[in-house]
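Colleague: My questions all concern the structure below.
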Amino acid sequence: MPAIRLPDGSVRQFFPPLTGEALAQAIGPGLARDAVAMVVSGKLTDLASLIETDAEVRFITRQDPEALPLIRHDAAHVLAQAVQELYPGTQVTIGPAIDNGFYYDFAREPPFTPEDFPPIEAKMREIVAARAPFVREVIGREDAIAFFEGKGERYKAEIIRDLPASETITLYRQGRWVDLCRGPHMRTTGDVGTAFKLMRTAGAYWRGDHRNPMLSRIYGTAWRNGNELDAYLAMLAEAERRDHRRLGKEMDLFHLQDEAVGSVFWHPLGWRLYRTVESYMRRRLDADGYQEVRTPQLVDRSLWEASGHWEKFGAHMFTAHVEDEHRTLALKPMNCPCHVQIFTQRVRSYRELPLRLAEFGSCHRYEPSGALHGIMRVRAFTQDDAHIFCTEDQIAAETIRFMALLSTVYRDLGFPTFEVKFADRPTERAGSDETWDRAESALREACAAAGVAYAFNPGEGAFYGPKLEFALKDAIGREWQCGTLQVDFVMPERLDAEYVAEDGTRRRPVMLHRAILGSFERFIGILIEQYAGRLPLWLAPLQAVVATIVADADAYAAEVAAALEAKGLFVQLDTRNEKINAKVREWSLRHVPALLVVGRREAASGTVALRRLGATEQEVLPLKDAVARLAAEAEPPDLRLPAA
């Protein structure tokens with residue numbers, strides 16, 4: 001009899017055959033009612049699955065976080081059934097669960113539009129209400145191909161043909177509707193619930209290949225209950241309000257256009273914001289012992305082949321062929337091999353280590369046009385990149401030092417907390433298992449020395465070494481992976497970097513790849529959305545506007561602007577013949593942090609009426625006090641004097 005160990009530590013024995021449903025019923029009617037799936041010895045599976053050997057069993061209910069992917073997976077099946085019932089002749093392809101929802105790709109002409117959503121959602125609710133059981137069926141490969149071809153489902157037949165010969169082919173039935181699927185599923189369509197919504201449509205090439213037919217993709221979201229759905233929709237509405245693309249236009253910061261896909265046209269105010277962030281980062285790096293370098297944009301293919309990047313990233317590189325030299329050059333997608341070239345230009349001593357080389361490196365990577373997103377995902381970007389060449393014994397100390405720098409930078413920029421993830425060796429990688437063992441062990445020991453708690457992100461390391469990923473959470477709960485620290489034993493070996501050790505022998509340095517912002521473009525987009533355009537005064541590209549109520553105050557307004565500019569603030573003078581309410585509204589829409597209003601009374605008394613962005617009240621202050629207050633706020637955090 002199988003011995004079943006439950007989460008409370010108890011062990012029960014049952015006569016086979018035993019299904020998860022039967023086990024849940026034996027434990028209690030409440031569990032039998034609430035359970036939607038189970039984990040058997042670490043594997044998520046249907047409740048209808050047989051438990052035939054000794055096992056540890058844990059049940060999943062709709063309230064468990066692990067239920068969300070199941071709800072979304074099953075919702076995709078319900079969507080596909082609804083579409084085929086409403087639009088006969090539509091072929092189904094693939095429909096996975098994704099973060100926050102699901103999608104399904106359909107072969108249909110014309111493609112779906114949001115106007116099709118109301119009848120599809122209504123049909124989905126009918127299917128959920130029917131509570132049709134999900135029934136798993138194992139079928140032979142040729143029978144499965146014949147089954148789907150007989151239904152006119154050539155995409156499903158193609159998927160089956162391309163599966164490995166060892167793959168077990170399984171179908172899932174929900175009433176009369178059938179789909180190809182590995183599973184697992186919940187008990188019935190009713191377990192999906194009603195907290196779902198179709199969100200948008202998109203085009204998607206079959207299997208992501210532009211040479212294949214374009215499919216019609218429907219995205220949806222699904223949650224455990226209505227409160228979660230409402231919270232998610234509210235978050236999306238807030239995200240729309242904070243969208244950096246819209247705010248960038250309102251604030252006149254940047255634009256993008258088809259003649260330079262994936263590259264940013266920075267306007268004067270946007271470039272001022274960029275330079276403010278860059279100057280802050282440069283001061284922080286200078287103070288922390290980094291030496292700034294600059295390396296070429298175009299580098300011969302041979303260097304990328306030697307480093308391993310050509311094999312891994314060649315498809316994402318922009319290249320140029322130089323005919324008279326018979327060579328291929330690549331726009332650099334990253335800076336690391338070039339920094340090794342600086343290290344190897346002369347014999348290095350152990351006394352020079354750690355050597356911290358930093359570069360605000362301009363990089364280019366080919367990103368498919370469908371993946372581009374404002375300035376957050378571009379083809380031309382600048383990394384706040386650095387590489388630390390050190391000994392193996394110095395890894396822990398450099399990790400502690402980097403963590404201190406990163407923490408204060410994030411705090412200064414408005415992110416007081418962050419999460420750390422440890423990403424270990426990927427399937428496709430350079431270097432031996434022994435080298436990876438050393439690198440992963442060194443990074444774990446460095447985390448312990450630095451007191452860093454981390455979550456595990458298996459298989460997501462760089463191809464040359466394990467890494468720490470630093471994820472920020474913004475004001476509306478979204479997570480952004482920005483910084484990284486990677487331990488690399490591989491590239492120094494491949495590019496023949498070495499130093500002279502204390503005993504006179506030649507040794508390989510360890511190379512720590514590290515970034516804090518990730519890229520300036522993406523991080524500035526994150527900042528705009530984090531603050532909803534209302535940047536703190538020290539970051540704001542236009543910090544104050546001096547606006548007049550009457551023309552008689554124009555001369556005094558110019559004095560006010562000059563006093564602010566003398567303290568280093570970025571100021572604009574607004575003496576237009578417009579009503580003051582219109583001026584206030586306009587500059588508020590452009591998210592200027594401070595508006596100093598002056599009229600005859602202020603000119604006569606040497607005061608200003610200071611109005612803050614978003615405030616309904618204004619404060620009348622002597623000009624000297626207003627200037628001092630704004631100048632103090634405009635001082636970057638790293639330059640402020642400590643409080644007495």
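Letters A, B, ... mark the chains of the structure tokens in the order given; residue numbers begin at 1 per chain; ligand numbers begin at 1, in order shown.
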Can you list, as a PyMOL selection string, every protein, DNA or RNA residue that comes within 10 Å of region 578-583 of chain A when you count only C-alpha atoms, leaving out same-chain residues fewer than 3 positions away?
Modeller: chain A and resi 545+547-550+574-575+586-589+595+597-599
Colleague: Can you list, as a PDB file with C-alpha atoms, in the first residue's frame, every protein, DNA or RNA residue that comes within 6 Å of region 388-390 of chain A when you count only C-alpha atoms, leaving out same-chain residues fewer than 3 positions away?
Modeller:
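Dumped to out_33.pdb:
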ATOM      1  CA  LEU A 353      44.154  44.780  -7.636  1.00  0.00           C
ATOM      2  CA  PRO A 354      41.317  45.323  -7.234  1.00  0.00           C
ATOM      3  CA  LEU A 355      41.232  47.434 -10.399  1.00  0.00           C
ATOM      4  CA  ARG A 356      37.810  48.999 -10.969  1.00  0.00           C
ATOM      5  CA  PRO A 509      42.287  37.665 -12.241  1.00  0.00           C
ATOM      6  CA  VAL A 510      38.641  37.200 -11.389  1.00  0.00           C
ATOM      7  CA  MET A 511      36.385  39.574 -13.285  1.00  0.00           C
ATOM      8  CA  LEU A 512      33.346  41.025 -11.519  1.00  0.00           C
TER       9      LEU A 512
END
Colleague: So which residues touch Arg241 (chain A) within 12 Å, counting only C-alpha atoms, skipping near sequence neighbours fewer than 2 positions away, as a list in words?
Modeller: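 The contact residues come out as Ala234, Met235, Leu236, Ala237, Glu238, Ala239, Asp243, His244, Arg245, Arg246, Leu247, Gly248, Glu250, Ile476, Ile528, Glu529, Gln530, Tyr531, Ala532 and Gly533 of chain A.
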Colleague: Which neighbours of Ala561 (chain A) fall inside 7 Å, counting only C-alpha atoms, when residues of the same chain fewer than 2 positions from it are skipped, and could you give them as a PyMOL selection string?
Modeller: chain A and resi 546+557-559+563-565+571+573
